[in-house]
file query22.txt (compact mmCIF, C-alpha atoms)
# COMPACT_ATOMS: atom_id res chain seq x y z
CA MET A 179 0.00 0.00 0.00
CA ARG A 180 2.80 2.35 1.00
CA GLU A 181 4.71 1.56 -2.19
CA VAL A 182 1.66 2.17 -4.36
CA PHE A 183 1.19 5.51 -2.61
CA GLN A 184 4.81 6.45 -3.36
CA GLN A 185 4.32 5.60 -7.00
CA GLU A 186 1.12 7.62 -7.22
CA LEU A 187 2.82 10.52 -5.48
CA ALA A 188 5.64 10.37 -8.04
CA GLU A 189 3.00 10.46 -10.77
CA VAL A 190 1.48 13.61 -9.25
CA GLN A 191 4.91 15.20 -8.99
CA ASN A 192 5.71 14.36 -12.64
CA GLY A 193 2.37 15.84 -13.64
CA LEU A 194 3.21 19.09 -11.85
CA VAL A 195 6.62 19.23 -13.58
CA GLU A 196 4.95 18.74 -16.98
CA ILE A 197 2.42 21.53 -16.36
CA ALA A 198 5.24 23.80 -15.17
CA GLU A 199 7.08 23.06 -18.44
CA LEU A 200 4.02 24.17 -20.41
CA VAL A 201 3.86 27.34 -18.27
CA GLN A 202 7.54 27.97 -18.98
CA VAL A 203 6.94 27.76 -22.74
CA ALA A 204 3.88 30.00 -22.37
CA ILE A 205 5.73 32.79 -20.54
CA GLU A 206 8.75 32.52 -22.90
CA GLN A 207 6.48 32.93 -25.91
CA ALA A 208 4.22 35.54 -24.26
CA THR A 209 7.07 37.83 -23.25
CA HIS A 210 8.62 37.41 -26.71
CA ALA A 211 5.28 38.22 -28.39
CA PHE A 212 4.91 41.22 -26.06
CA ALA A 213 8.39 42.59 -26.82
CA GLU A 214 8.28 41.93 -30.58
CA SER A 215 4.55 42.50 -31.27
CA ASP A 216 4.47 38.97 -32.71
CA VAL A 217 0.73 38.50 -33.09
CA ALA A 218 0.97 34.93 -34.46
CA LEU A 219 3.00 33.87 -31.44
CA ALA A 220 0.59 35.70 -29.12
CA GLU A 221 -2.32 33.78 -30.62
CA ARG A 222 -0.50 30.50 -30.14
CA VAL A 223 0.04 31.26 -26.41
CA ILE A 224 -3.65 32.13 -26.03
CA ALA A 225 -4.76 28.93 -27.82
CA ASP A 226 -2.26 26.72 -25.95
CA ASP A 227 -3.51 27.91 -22.56
CA GLN A 228 -6.34 25.41 -22.96
CA HIS A 229 -3.81 22.54 -22.76
CA ILE A 230 -2.51 23.87 -19.44
CA ASP A 231 -6.07 24.07 -18.12
CA GLU A 232 -6.81 20.50 -19.26
CA ARG A 233 -3.60 19.14 -17.75
CA ALA A 234 -4.36 20.87 -14.45
CA ILE A 235 -7.84 19.30 -14.38
CA GLN A 236 -6.36 15.85 -15.13
CA LEU A 237 -3.84 16.28 -12.32
CA ASP A 238 -6.58 17.33 -9.91
CA GLU A 239 -8.57 14.23 -10.85
CA LEU A 240 -5.51 12.08 -10.15
CA ALA A 241 -4.99 13.75 -6.76
CA ILE A 242 -8.66 13.22 -5.85
CA GLU A 243 -8.42 9.54 -6.91
CA ILE A 244 -5.38 9.14 -4.65
CA LEU A 245 -7.28 10.69 -1.76
CA ALA A 246 -10.16 8.26 -2.37
CA ARG A 247 -8.08 5.11 -2.87
CA GLN A 248 -5.30 5.67 -0.36
CA ALA A 249 -7.02 7.82 2.30
CA PRO A 250 -3.66 9.34 3.24
CA VAL A 251 -3.24 11.00 6.64
CA ALA A 252 -0.82 13.41 8.29
CA ARG A 253 1.99 14.63 6.06
CA ASP A 254 0.98 12.37 3.15
CA LEU A 255 -2.42 14.02 3.08
CA ARG A 256 -0.86 17.48 3.13
CA ILE A 257 1.32 16.58 0.17
CA VAL A 258 -1.70 15.65 -1.93
CA VAL A 259 -3.66 18.74 -0.85
CA SER A 260 -0.60 20.89 -1.65
CA ALA A 261 -0.43 19.33 -5.11
CA LEU A 262 -4.01 20.50 -5.71
CA ARG A 263 -3.02 24.01 -4.70
CA ILE A 264 0.18 24.01 -6.74
CA SER A 265 -1.76 22.88 -9.80
CA ALA A 266 -4.22 25.79 -9.26
CA SER A 267 -1.31 28.26 -9.10
CA LEU A 268 0.30 26.83 -12.25
CA GLU A 269 -3.02 27.04 -14.07
CA ARG A 270 -3.27 30.69 -13.03
CA MET A 271 0.30 31.37 -14.23
CA GLY A 272 -0.75 30.01 -17.64
CA ASP A 273 -3.72 32.40 -17.63
CA ILE A 274 -1.43 35.33 -16.86
CA ALA A 275 0.94 34.40 -19.71
CA ALA A 276 -2.13 34.39 -21.99
CA HIS A 277 -3.13 37.83 -20.64
CA ILE A 278 0.33 39.20 -21.52
CA ALA A 279 -0.03 37.72 -25.02
CA GLN A 280 -3.50 39.29 -25.33
CA LEU A 281 -2.06 42.75 -24.65
CA ALA A 282 0.33 42.27 -27.59
CA ARG A 283 -2.49 41.01 -29.81
CA PHE A 284 -4.95 43.79 -28.94
CA ARG A 285 -2.44 46.51 -29.75
CA PHE A 286 -1.11 44.93 -32.97
CA PRO A 287 0.09 46.25 -35.42
CA GLN A 288 1.26 48.87 -32.94
CA GLN A 289 3.81 47.90 -30.32
CA VAL A 290 2.35 47.43 -26.89
CA GLY A 291 3.33 49.73 -24.05
CA PRO A 292 5.44 52.89 -23.95
CA ARG A 293 8.80 52.88 -25.75
CA ASP A 294 10.45 54.37 -22.65
CA LEU A 295 9.52 51.35 -20.58
CA ARG A 296 10.33 48.63 -23.11
CA GLU A 297 13.67 47.90 -21.50
CA VAL A 298 12.14 47.55 -18.04
CA PHE A 299 9.47 45.18 -19.36
CA GLY A 300 12.21 43.18 -21.10
CA GLU A 301 13.94 42.83 -17.74
CA MET A 302 10.69 41.83 -16.00
CA GLY A 303 9.97 39.30 -18.75
CA ARG A 304 13.44 37.73 -18.50
CA ASN A 305 13.01 37.38 -14.75
CA ASP A 306 9.56 35.79 -15.14
CA VAL A 307 10.98 33.33 -17.69
CA GLU A 308 13.90 32.49 -15.40
CA ILE A 309 11.46 32.02 -12.49
CA ALA A 310 9.40 29.63 -14.61
CA ARG A 311 12.53 27.64 -15.51
CA GLN A 312 13.59 27.42 -11.89
CA LEU A 313 10.07 26.37 -10.94
CA VAL A 314 10.26 23.37 -13.30
CA LYS A 315 13.55 22.32 -11.69
CA LEU A 316 12.25 22.99 -8.19
CA LEU A 317 9.19 20.80 -8.72
CA ASP A 318 11.49 18.08 -10.06
CA THR A 319 14.32 18.24 -7.53
CA GLU A 320 12.90 20.10 -4.49
CA ASP A 321 16.26 21.86 -4.28
CA ASN A 322 15.83 24.48 -1.57
CA GLU A 323 18.33 26.81 -3.25
CA LEU A 324 16.02 27.09 -6.26
CA ALA A 325 13.13 28.11 -3.99
CA GLU A 326 15.31 30.81 -2.43
CA ASP A 327 16.41 32.00 -5.86
CA ILE A 328 12.77 32.27 -7.01
CA LYS A 329 12.08 34.50 -3.98
CA ARG A 330 15.08 36.68 -4.79
CA ARG A 331 13.97 37.06 -8.39
CA ASP A 332 10.45 37.91 -7.23
CA ASP A 333 11.98 40.78 -5.22
CA ILE A 334 13.63 41.98 -8.44
CA VAL A 335 10.30 41.77 -10.30
CA ASP A 336 8.59 43.71 -7.47
CA GLY A 337 11.25 46.41 -7.78
CA LEU A 338 10.77 46.63 -11.56
CA HIS A 339 6.97 46.75 -11.06
CA LYS A 340 7.43 49.67 -8.69
CA SER A 341 9.78 51.44 -11.11
CA ILE A 342 7.20 51.15 -13.90
CA PHE A 343 4.52 52.71 -11.70
CA ASP A 344 6.94 55.44 -10.64
CA ALA A 345 7.64 56.16 -14.32
CA LEU A 346 3.94 56.17 -15.21
CA LEU A 347 3.01 58.44 -12.30
CA GLY A 348 6.07 60.67 -12.49
CA ASN A 349 6.36 63.75 -14.60
CA GLY A 350 9.63 63.11 -16.36
CA THR A 351 8.28 60.53 -18.76
CA ASP A 352 7.16 60.58 -22.36
CA VAL A 353 4.31 58.27 -21.49
CA ASN A 354 1.27 60.36 -22.13
CA HIS A 355 -1.16 58.43 -24.25
CA PRO A 356 -3.80 56.72 -22.08
CA THR A 357 -3.56 53.52 -24.16
CA GLU A 358 0.10 53.20 -23.26
CA VAL A 359 -0.62 53.88 -19.60
CA VAL A 360 -3.42 51.29 -19.48
CA ASP A 361 -1.29 48.66 -21.26
CA ALA A 362 1.76 49.32 -19.11
CA THR A 363 -0.32 49.18 -15.89
CA LEU A 364 -1.87 45.84 -16.80
CA ALA A 365 1.36 44.37 -18.20
CA SER A 366 3.30 45.33 -15.08
CA ARG A 367 0.63 43.87 -12.84
CA TYR A 368 0.58 40.58 -14.83
CA HIS A 369 4.36 40.21 -14.72
CA GLU A 370 4.32 40.81 -10.97
CA ARG A 371 1.46 38.36 -10.29
CA PHE A 372 3.19 35.65 -12.36
CA ALA A 373 6.21 35.84 -10.04
CA ASP A 374 3.96 35.96 -6.93
CA HIS A 375 2.35 32.65 -7.85
CA ALA A 376 5.79 31.08 -8.31
CA VAL A 377 6.80 32.25 -4.81
CA SER A 378 3.61 30.80 -3.38
CA ILE A 379 4.47 27.42 -4.97
CA ALA A 380 8.10 27.65 -3.82
CA LYS A 381 6.98 28.21 -0.21
CA LYS A 382 4.68 25.18 -0.33
CA ILE A 383 7.51 23.00 -1.63
CA GLN A 384 9.90 24.30 1.03
CA TYR A 385 7.33 23.50 3.70
CA LEU A 386 6.80 19.99 2.37
CA SER A 387 10.48 19.32 1.68
CA SER A 388 11.40 20.29 5.21
CA GLY A 389 9.07 17.46 6.18
CA GLU A 390 8.65 14.31 4.23
CA TRP A 391 8.14 14.79 0.51
CA LEU A 392 11.87 14.81 -0.13
CA GLN A 393 12.65 12.11 2.42
CA GLN A 394 9.98 9.84 1.03
CA LYS A 395 11.34 10.27 -2.44
CA GLU A 396 14.87 9.43 -1.28
CA ALA A 397 13.57 6.41 0.62
CA ALA A 398 11.72 5.22 -2.47
CA THR A 399 14.77 5.57 -4.71
CA PRO A 400 17.79 4.88 -2.47
CA ASN A 401 20.25 4.81 -5.37
CA ALA A 402 19.22 8.16 -6.77
CA MET B 185 -19.80 7.70 11.08
CA ARG B 186 -22.10 9.05 8.39
CA GLU B 187 -23.80 11.34 10.90
CA VAL B 188 -20.49 12.68 12.18
CA PHE B 189 -19.48 13.39 8.60
CA GLN B 190 -22.72 15.30 8.02
CA GLN B 191 -22.06 17.39 11.13
CA GLU B 192 -18.51 18.13 10.07
CA LEU B 193 -19.69 19.03 6.60
CA ALA B 194 -22.20 21.44 8.12
CA GLU B 195 -19.35 22.96 10.13
CA VAL B 196 -17.35 23.50 6.94
CA GLN B 197 -20.35 25.05 5.24
CA ASN B 198 -20.95 27.40 8.19
CA GLY B 199 -17.29 28.37 8.09
CA LEU B 200 -17.56 29.28 4.41
CA VAL B 201 -20.67 31.38 5.12
CA GLU B 202 -18.83 33.24 7.89
CA ILE B 203 -15.83 34.00 5.67
CA ALA B 204 -18.19 35.16 2.92
CA GLU B 205 -19.83 37.52 5.45
CA LEU B 206 -16.40 39.02 6.23
CA VAL B 207 -15.77 39.41 2.50
CA GLN B 208 -19.15 41.13 2.13
CA VAL B 209 -18.24 43.66 4.84
CA ALA B 210 -14.82 44.14 3.23
CA ILE B 211 -16.19 44.96 -0.24
CA GLU B 212 -18.94 47.20 1.23
CA GLN B 213 -16.35 49.19 3.14
CA ALA B 214 -13.74 49.13 0.35
CA THR B 215 -16.11 50.45 -2.31
CA HIS B 216 -17.37 53.09 0.15
CA ALA B 217 -13.79 54.12 1.00
CA PHE B 218 -13.00 54.22 -2.73
CA ALA B 219 -16.01 56.42 -3.57
CA GLU B 220 -15.66 58.76 -0.59
CA SER B 221 -11.86 58.82 -0.17
CA ASP B 222 -12.42 57.63 3.40
CA VAL B 223 -8.85 56.80 4.38
CA ALA B 224 -9.73 55.58 7.90
CA LEU B 225 -12.23 53.12 6.48
CA ALA B 226 -9.72 52.05 3.82
CA GLU B 227 -7.16 51.31 6.53
CA ARG B 228 -9.70 49.25 8.44
CA VAL B 229 -10.42 47.11 5.36
CA ILE B 230 -6.68 46.56 4.84
CA ALA B 231 -6.14 45.62 8.50
CA ASP B 232 -9.23 43.37 8.65
CA ASP B 233 -8.08 41.35 5.65
CA GLN B 234 -5.84 39.44 8.06
CA HIS B 235 -8.94 38.04 9.80
CA ILE B 236 -10.21 36.69 6.48
CA ASP B 237 -6.85 35.06 5.82
CA GLU B 238 -6.81 33.50 9.29
CA ARG B 239 -10.37 32.20 8.97
CA ALA B 240 -9.58 30.68 5.59
CA ILE B 241 -6.54 28.89 7.05
CA GLN B 242 -8.67 27.57 9.95
CA LEU B 243 -11.28 26.31 7.53
CA ASP B 244 -8.62 24.59 5.41
CA GLU B 245 -7.29 22.88 8.53
CA LEU B 246 -10.79 21.67 9.36
CA ALA B 247 -11.26 20.32 5.82
CA ILE B 248 -7.90 18.52 5.99
CA GLU B 249 -8.85 17.03 9.40
CA ILE B 250 -12.09 15.75 7.89
CA LEU B 251 -10.20 14.17 5.01
CA ALA B 252 -7.88 12.48 7.51
CA ARG B 253 -10.54 11.30 9.98
CA GLN B 254 -13.37 10.39 7.62
CA ALA B 255 -11.49 9.41 4.45
CA PRO B 256 -14.51 10.40 2.36
CA VAL B 257 -14.89 9.01 -1.16
CA ALA B 258 -16.89 9.85 -4.27
CA ARG B 259 -19.13 12.91 -3.99
CA ASP B 260 -18.34 13.42 -0.27
CA LEU B 261 -14.68 13.74 -1.13
CA ARG B 262 -15.46 16.24 -3.90
CA ILE B 263 -17.46 18.35 -1.47
CA VAL B 264 -14.51 18.66 0.91
CA VAL B 265 -12.06 19.38 -1.92
CA SER B 266 -14.47 22.00 -3.29
CA ALA B 267 -14.63 23.62 0.14
CA LEU B 268 -10.84 24.04 0.02
CA ARG B 269 -11.14 25.73 -3.36
CA ILE B 270 -14.05 27.94 -2.32
CA SER B 271 -12.10 29.08 0.73
CA ALA B 272 -9.15 29.98 -1.52
CA SER B 273 -11.45 32.06 -3.76
CA LEU B 274 -13.01 33.84 -0.76
CA GLU B 275 -9.56 34.61 0.61
CA ARG B 276 -8.62 36.10 -2.76
CA MET B 277 -11.83 38.18 -2.83
CA GLY B 278 -10.78 39.63 0.54
CA ASP B 279 -7.37 40.49 -0.92
CA ILE B 280 -9.04 42.26 -3.84
CA ALA B 281 -11.26 44.31 -1.50
CA ALA B 282 -8.08 45.33 0.33
CA HIS B 283 -6.47 46.30 -3.00
CA ILE B 284 -9.44 48.58 -3.78
CA ALA B 285 -9.07 50.14 -0.34
CA GLN B 286 -5.34 50.63 -0.94
CA LEU B 287 -6.03 52.62 -4.10
CA ALA B 288 -8.17 55.03 -2.02
CA ARG B 289 -5.49 55.25 0.66
CA PHE B 290 -2.58 55.85 -1.73
CA ARG B 291 -4.35 58.71 -3.45
CA PHE B 292 -5.65 60.38 -0.28
CA PRO B 293 -6.28 63.30 0.25
CA GLN B 294 -7.11 63.38 -3.44
CA GLN B 295 -10.04 61.40 -4.72
CA VAL B 296 -9.06 58.24 -6.52
CA GLY B 297 -9.77 57.81 -10.21
CA PRO B 298 -11.14 60.20 -12.81
CA ARG B 299 -14.22 62.24 -11.94
CA ASP B 300 -15.82 61.26 -15.27
CA LEU B 301 -15.78 57.59 -14.32
CA ARG B 302 -16.91 57.91 -10.72
CA GLU B 303 -20.48 57.00 -11.58
CA VAL B 304 -19.43 53.86 -13.47
CA PHE B 305 -17.21 52.77 -10.57
CA GLY B 306 -20.14 53.37 -8.19
CA GLU B 307 -22.23 51.04 -10.35
CA MET B 308 -19.47 48.41 -10.43
CA GLY B 309 -19.06 48.68 -6.66
CA ARG B 310 -22.79 48.26 -6.02
CA ASN B 311 -22.81 45.16 -8.20
CA ASP B 312 -19.77 43.69 -6.43
CA VAL B 313 -21.44 44.33 -3.05
CA GLU B 314 -24.67 42.72 -4.23
CA ILE B 315 -22.70 39.75 -5.58
CA ALA B 316 -21.01 39.35 -2.19
CA ARG B 317 -24.40 39.44 -0.42
CA GLN B 318 -25.82 36.84 -2.78
CA LEU B 319 -22.74 34.69 -2.27
CA VAL B 320 -23.35 34.60 1.49
CA LYS B 321 -26.92 33.45 0.89
CA LEU B 322 -25.85 30.99 -1.81
CA LEU B 323 -23.31 29.32 0.48
CA ASP B 324 -26.00 29.10 3.15
CA THR B 325 -28.96 27.94 1.07
CA GLU B 326 -27.47 26.55 -2.16
CA ASP B 327 -30.38 28.24 -3.95
CA ASN B 328 -29.64 27.81 -7.65
CA GLU B 329 -31.40 31.06 -8.53
CA LEU B 330 -28.80 32.98 -6.50
CA ALA B 331 -26.01 31.32 -8.48
CA GLU B 332 -27.69 32.35 -11.72
CA ASP B 333 -28.15 35.89 -10.44
CA ILE B 334 -24.45 36.11 -9.53
CA LYS B 335 -23.58 35.13 -13.11
CA ARG B 336 -25.96 37.77 -14.50
CA ARG B 337 -24.43 40.45 -12.27
CA ASP B 338 -20.94 39.36 -13.33
CA ASP B 339 -22.00 40.02 -16.94
CA ILE B 340 -23.02 43.53 -15.87
CA VAL B 341 -19.66 44.05 -14.13
CA ASP B 342 -17.85 42.81 -17.27
CA GLY B 343 -19.82 45.35 -19.34
CA LEU B 344 -18.92 48.18 -16.94
CA HIS B 345 -15.26 47.05 -16.97
CA LYS B 346 -15.30 47.26 -20.76
CA SER B 347 -16.96 50.70 -20.70
CA ILE B 348 -14.23 52.00 -18.37
CA PHE B 349 -11.51 50.78 -20.72
CA ASP B 350 -13.37 52.26 -23.69
CA ALA B 351 -13.52 55.59 -21.84
CA LEU B 352 -9.84 55.45 -20.89
CA LEU B 353 -8.73 54.54 -24.41
CA GLY B 354 -11.20 56.77 -26.24
CA ASN B 355 -10.61 60.36 -27.15
CA GLY B 356 -13.75 61.95 -25.82
CA THR B 357 -12.75 61.80 -22.19
CA ASP B 358 -11.30 64.25 -19.72
CA VAL B 359 -9.11 61.51 -18.30
CA ASN B 360 -5.64 62.65 -19.12
CA HIS B 361 -3.49 62.46 -16.05
CA PRO B 362 -1.50 59.19 -15.96
CA THR B 363 -2.24 58.75 -12.23
CA GLU B 364 -5.96 58.67 -12.96
CA VAL B 365 -5.47 56.24 -15.83
CA VAL B 366 -3.34 53.89 -13.70
CA ASP B 367 -5.80 54.02 -10.79
CA ALA B 368 -8.83 53.50 -13.02
CA THR B 369 -7.16 50.59 -14.84
CA LEU B 370 -6.31 48.80 -11.60
CA ALA B 371 -9.63 49.61 -9.92
CA SER B 372 -11.62 48.33 -12.89
CA ARG B 373 -9.55 45.15 -13.03
CA TYR B 374 -10.03 44.54 -9.27
CA HIS B 375 -13.79 45.05 -9.44
CA GLU B 376 -13.99 42.64 -12.37
CA ARG B 377 -11.82 39.96 -10.73
CA PHE B 378 -13.89 40.14 -7.52
CA ALA B 379 -17.00 39.20 -9.51
CA ASP B 380 -15.09 36.48 -11.43
CA HIS B 381 -14.17 34.71 -8.20
CA ALA B 382 -17.80 34.80 -7.08
CA VAL B 383 -18.87 33.18 -10.36
CA SER B 384 -16.23 30.50 -9.93
CA ILE B 385 -17.65 29.73 -6.44
CA ALA B 386 -21.24 29.81 -7.74
CA LYS B 387 -20.38 27.25 -10.43
CA LYS B 388 -18.79 24.91 -7.88
CA ILE B 389 -21.89 25.10 -5.68
CA GLN B 390 -24.19 24.50 -8.64
CA TYR B 391 -22.13 21.44 -9.56
CA LEU B 392 -22.25 20.08 -6.02
CA SER B 393 -25.90 20.98 -5.42
CA SER B 394 -26.95 19.18 -8.58
CA GLY B 395 -25.40 16.15 -6.90
CA GLU B 396 -25.41 15.49 -3.22
CA TRP B 397 -24.47 18.46 -1.06
CA LEU B 398 -28.03 19.74 -1.01
CA GLN B 399 -29.61 16.30 -0.73
CA GLN B 400 -27.34 15.35 2.16
CA LYS B 401 -28.27 18.49 3.99
CA GLU B 402 -31.95 17.84 3.52
CA ALA B 403 -31.50 14.27 4.70
CA ALA B 404 -29.65 15.49 7.78
CA THR B 405 -32.33 18.06 8.69
CA PRO B 406 -35.60 16.54 7.45
CA ASN B 407 -37.73 19.21 9.12
CA ALA B 408 -35.91 22.14 7.59

call {"tool": "encode", "arguments": {"input": "query22.txt", "output": "structure tokens"}}
result
Amino acid sequence: MREVFQQELAEVQNGLVEIAELVQVAIEQATHAFAESDVALAERVIADDQHIDERAIQLDELAIEILARQAPVARDLRIVVSALRISASLERMGDIAAHIAQLARFRFPQQVGPRDLREVFGEMGRNDVEIARQLVKLLDTEDNELAEDIKRRDDIVDGLHKSIFDALLGNGTDVNHPTEVVDATLASRYHERFADHAVSIAKKIQYLSSGEWLQQKEAATPNA
Amino acid sequence: MREVFQQELAEVQNGLVEIAELVQVAIEQATHAFAESDVALAERVIADDQHIDERAIQLDELAIEILARQAPVARDLRIVVSALRISASLERMGDIAAHIAQLARFRFPQQVGPRDLREVFGEMGRNDVEIARQLVKLLDTEDNELAEDIKRRDDIVDGLHKSIFDALLGNGTDVNHPTEVVDATLASRYHERFADHAVSIAKKIQYLSSGEWLQQKEAATPNA
């Protein structure tokens, strides 16, 4: 029974890694579409978001089946409940990537956002992409250093978010057209929320890894 | 065992109703603070959000205890898992109310948002408040008509959200100052997301009520 549970838990973990990989592709393509006004790429991100949603639902069904079949308790139960929450956060990160792509699509053929802020958005986008990459590895390896690095990068994203608002609200900017202000406000908020969700996942994994998820995995694969 | 489960389920349901009541107060006060630039009220909403977070954590702990003690299966299991998700949505609605309050506080002593759009925001706020009230009743009674009404009001909020963006992006508006555009963009997005979360909860309750949550409750209290 215990061994079956370990296998099912590994299946859940692999499912989370796979969804995180789809999210990583989504944010890579969304930030590229945003920077380059690539409307075809933006449309692909928007269409592909459905796959992320479907995979998240499948993973939730698997987690609910495990709860029904195995009736886990204590830490085991918390691992499965956390997987449900992590899947919800990943699904939301996919939505946000699609929102960023939508901004690029709506404004096409014009470039989205103010020219003055393009560099800052590029920096935010690179950090979101790097956070998504680290999240894939974190879900796979539970390496605490990756969780800490995601938090550090989130601080950077928060700082960039603040600098965009300072630029929009300050007087020394060329950003005057309301369309640019609206787009920059939403884009900055989306980039910031994307990183927030990653931090929320990283904290859950740190909590679980400090307990038994990691230890169970090592016990199940002693040669790894 | 079955009877204990029914009691615990009722406890979860009551917990959700209580959190929804806190969310209702939060959005009432937040939209009032937003409309009237009432900074003291805004600060109360921001401070009180912690209570909502704490209550949501307590409810999650209760749901996890029920999963551990009762090991529910089938529809019973889905009810408890749905409660976890509903609590997460309510917690997020509390956050959004606090965000609306923060906009009022940041801009104080000036009024937040463009004067031209104040009436539209008032209308959005009234709909969000009404949605929150209906959500309390829906969680208590599982009355399908309330769920449908929440969806209808969400459509109204979506229309108002669109009209605010049209006004911000159009040329025939007096909204020129970037601060007003930023505030109106964020405020409109928050109002819209608040209603979205309510719809997501309403759909979960409709799904469960069409199955067994409602029937179980009737079976447990045959005289009600």

call {"tool": "atom_distance", "arguments": {"input": "query22.txt", "atom1": "atom CA of A:Leu200", "atom2": "atom CA of A:Gln384"}}
result
22.2 Å

call {"tool": "closest_residue", "arguments": {"input": "query22.txt", "among": "A:Val258, A:Ile274, A:Ala365, A:Ile264", "to": "B:Leu251", "atoms": "all atoms listed in the file"}}
result
A:Val258

call {"tool": "closest_residue", "arguments": {"input": "query22.txt", "among": "B:Glu238, B:Glu364, B:Glu205, B:Glu376", "to": "chain A", "atoms": "all atoms listed in the file"}}
result
B:Glu364

call {"tool": "closest_residue", "arguments": {"input": "query22.txt", "among": "B:Ser393, B:Gln295, B:Ser372, B:Gln213", "to": "chain A", "atoms": "all atoms listed in the file"}}
result
B:Ser372

call {"tool": "residues_near_point", "arguments": {"input": "query22.txt", "point": "(5.2, 18.9, 0.9)", "cutoff": "10 Å", "atoms": "all atoms listed in the file", "output": "compact mmCIF listing (two decimals) with C-alpha atoms, in the coordinates of the input"}}
result
# COMPACT_ATOMS: atom_id res chain seq x y z
CA ARG A 253 1.99 14.63 6.06
CA ASP A 254 0.98 12.37 3.15
CA LEU A 255 -2.42 14.02 3.08
CA ARG A 256 -0.86 17.48 3.13
CA ILE A 257 1.32 16.58 0.17
CA VAL A 258 -1.70 15.65 -1.93
CA VAL A 259 -3.66 18.74 -0.85
CA SER A 260 -0.60 20.89 -1.65
CA ALA A 261 -0.43 19.33 -5.11
CA GLU A 320 12.90 20.10 -4.49
CA LYS A 381 6.98 28.21 -0.21
CA LYS A 382 4.68 25.18 -0.33
CA ILE A 383 7.51 23.00 -1.63
CA GLN A 384 9.90 24.30 1.03
CA TYR A 385 7.33 23.50 3.70
CA LEU A 386 6.80 19.99 2.37
CA SER A 387 10.48 19.32 1.68
CA SER A 388 11.40 20.29 5.21
CA GLY A 389 9.07 17.46 6.18
CA GLU A 390 8.65 14.31 4.23
CA TRP A 391 8.14 14.79 0.51
CA LEU A 392 11.87 14.81 -0.13

call {"tool": "residues_around", "arguments": {"input": "query22.txt", "residues": "A:Glu206", "least_positions_apart": "2", "cutoff": "10 Å", "atoms": "all atoms listed in the file", "output": "compact mmCIF listing (two decimals) with C-alpha atoms, in the coordinates of the input"}}
result
# COMPACT_ATOMS: atom_id res chain seq x y z
CA LEU A 200 4.02 24.17 -20.41
CA VAL A 201 3.86 27.34 -18.27
CA GLN A 202 7.54 27.97 -18.98
CA VAL A 203 6.94 27.76 -22.74
CA ALA A 204 3.88 30.00 -22.37
CA ALA A 208 4.22 35.54 -24.26
CA THR A 209 7.07 37.83 -23.25
CA HIS A 210 8.62 37.41 -26.71
CA ALA A 211 5.28 38.22 -28.39
CA VAL A 223 0.04 31.26 -26.41
CA ALA A 275 0.94 34.40 -19.71
CA GLY A 303 9.97 39.30 -18.75
CA ARG A 304 13.44 37.73 -18.50
CA ASP A 306 9.56 35.79 -15.14
CA VAL A 307 10.98 33.33 -17.69
CA GLU A 308 13.90 32.49 -15.40
CA ALA A 310 9.40 29.63 -14.61
CA ARG A 311 12.53 27.64 -15.51

call {"tool": "axis_aligned_box", "arguments": {"input": "query22.txt", "around": "stretch 277-285 of chain A", "padding_each_side": "5 Å", "output": "AutoDock Vina command-line options"}}
result
--center_x -2.3 --center_y 42.1 --center_z -25.2 --size_x 15.3 --size_y 18.8 --size_z 19.2

call {"tool": "residues_near_point", "arguments": {"input": "query22.txt", "point": "(1.3, 18.0, -14.7)", "cutoff": "9 Å", "atoms": "only C-alpha atoms", "output": "NGL selection string"}}
result
:A and (189-200 or 230 or 233-234 or 236-237 or 265)

call {"tool": "write_last_selection", "arguments": {"input": "query22.txt", "atoms": "C-alpha atoms", "output": "compact mmCIF listing (two decimals), in the coordinates of the input"}}
result
# COMPACT_ATOMS: atom_id res chain seq x y z
CA GLU A 189 3.00 10.46 -10.77
CA VAL A 190 1.48 13.61 -9.25
CA GLN A 191 4.91 15.20 -8.99
CA ASN A 192 5.71 14.36 -12.64
CA GLY A 193 2.37 15.84 -13.64
CA LEU A 194 3.21 19.09 -11.85
CA VAL A 195 6.62 19.23 -13.58
CA GLU A 196 4.95 18.74 -16.98
CA ILE A 197 2.42 21.53 -16.36
CA ALA A 198 5.24 23.80 -15.17
CA GLU A 199 7.08 23.06 -18.44
CA LEU A 200 4.02 24.17 -20.41
CA ILE A 230 -2.51 23.87 -19.44
CA ARG A 233 -3.60 19.14 -17.75
CA ALA A 234 -4.36 20.87 -14.45
CA GLN A 236 -6.36 15.85 -15.13
CA LEU A 237 -3.84 16.28 -12.32
CA SER A 265 -1.76 22.88 -9.80

call {"tool": "interface_residues", "arguments": {"input": "query22.txt", "of": "chain B", "to": "chain A", "cutoff": "7 Å", "atoms": "all atoms listed in the file", "output": "list of chain:residue names"}}
result
B:Ala252, B:Ala255, B:Pro256, B:Val257, B:Leu352, B:Leu353, B:Asn360, B:Pro362, B:Thr363, B:Val365, B:Val366, B:Thr369

call {"tool": "residues_around", "arguments": {"input": "query22.txt", "residues": "B:Ala386", "least_positions_apart": "2", "cutoff": "9 Å", "atoms": "only C-alpha atoms", "output": "MDAnalysis selection string"}}
result
chainID B and resid 319 322:323 326 328 330:332 334:335 381:384 388:391

call {"tool": "atom_distance", "arguments": {"input": "query22.txt", "atom1": "atom CA of B:Val223", "atom2": "atom CA of B:Ala288"}}
result
6.7 Å

call {"tool": "closest_residue", "arguments": {"input": "query22.txt", "among": "A:Asp327, A:Asp332, A:Asp318, A:Glu214", "to": "A:Met302", "atoms": "all atoms listed in the file"}}
result
A:Asp332

call {"tool": "atom_distance", "arguments": {"input": "query22.txt", "atom1": "atom CA of B:Arg299", "atom2": "atom CA of B:Gln286"}}
result
18.3 Å
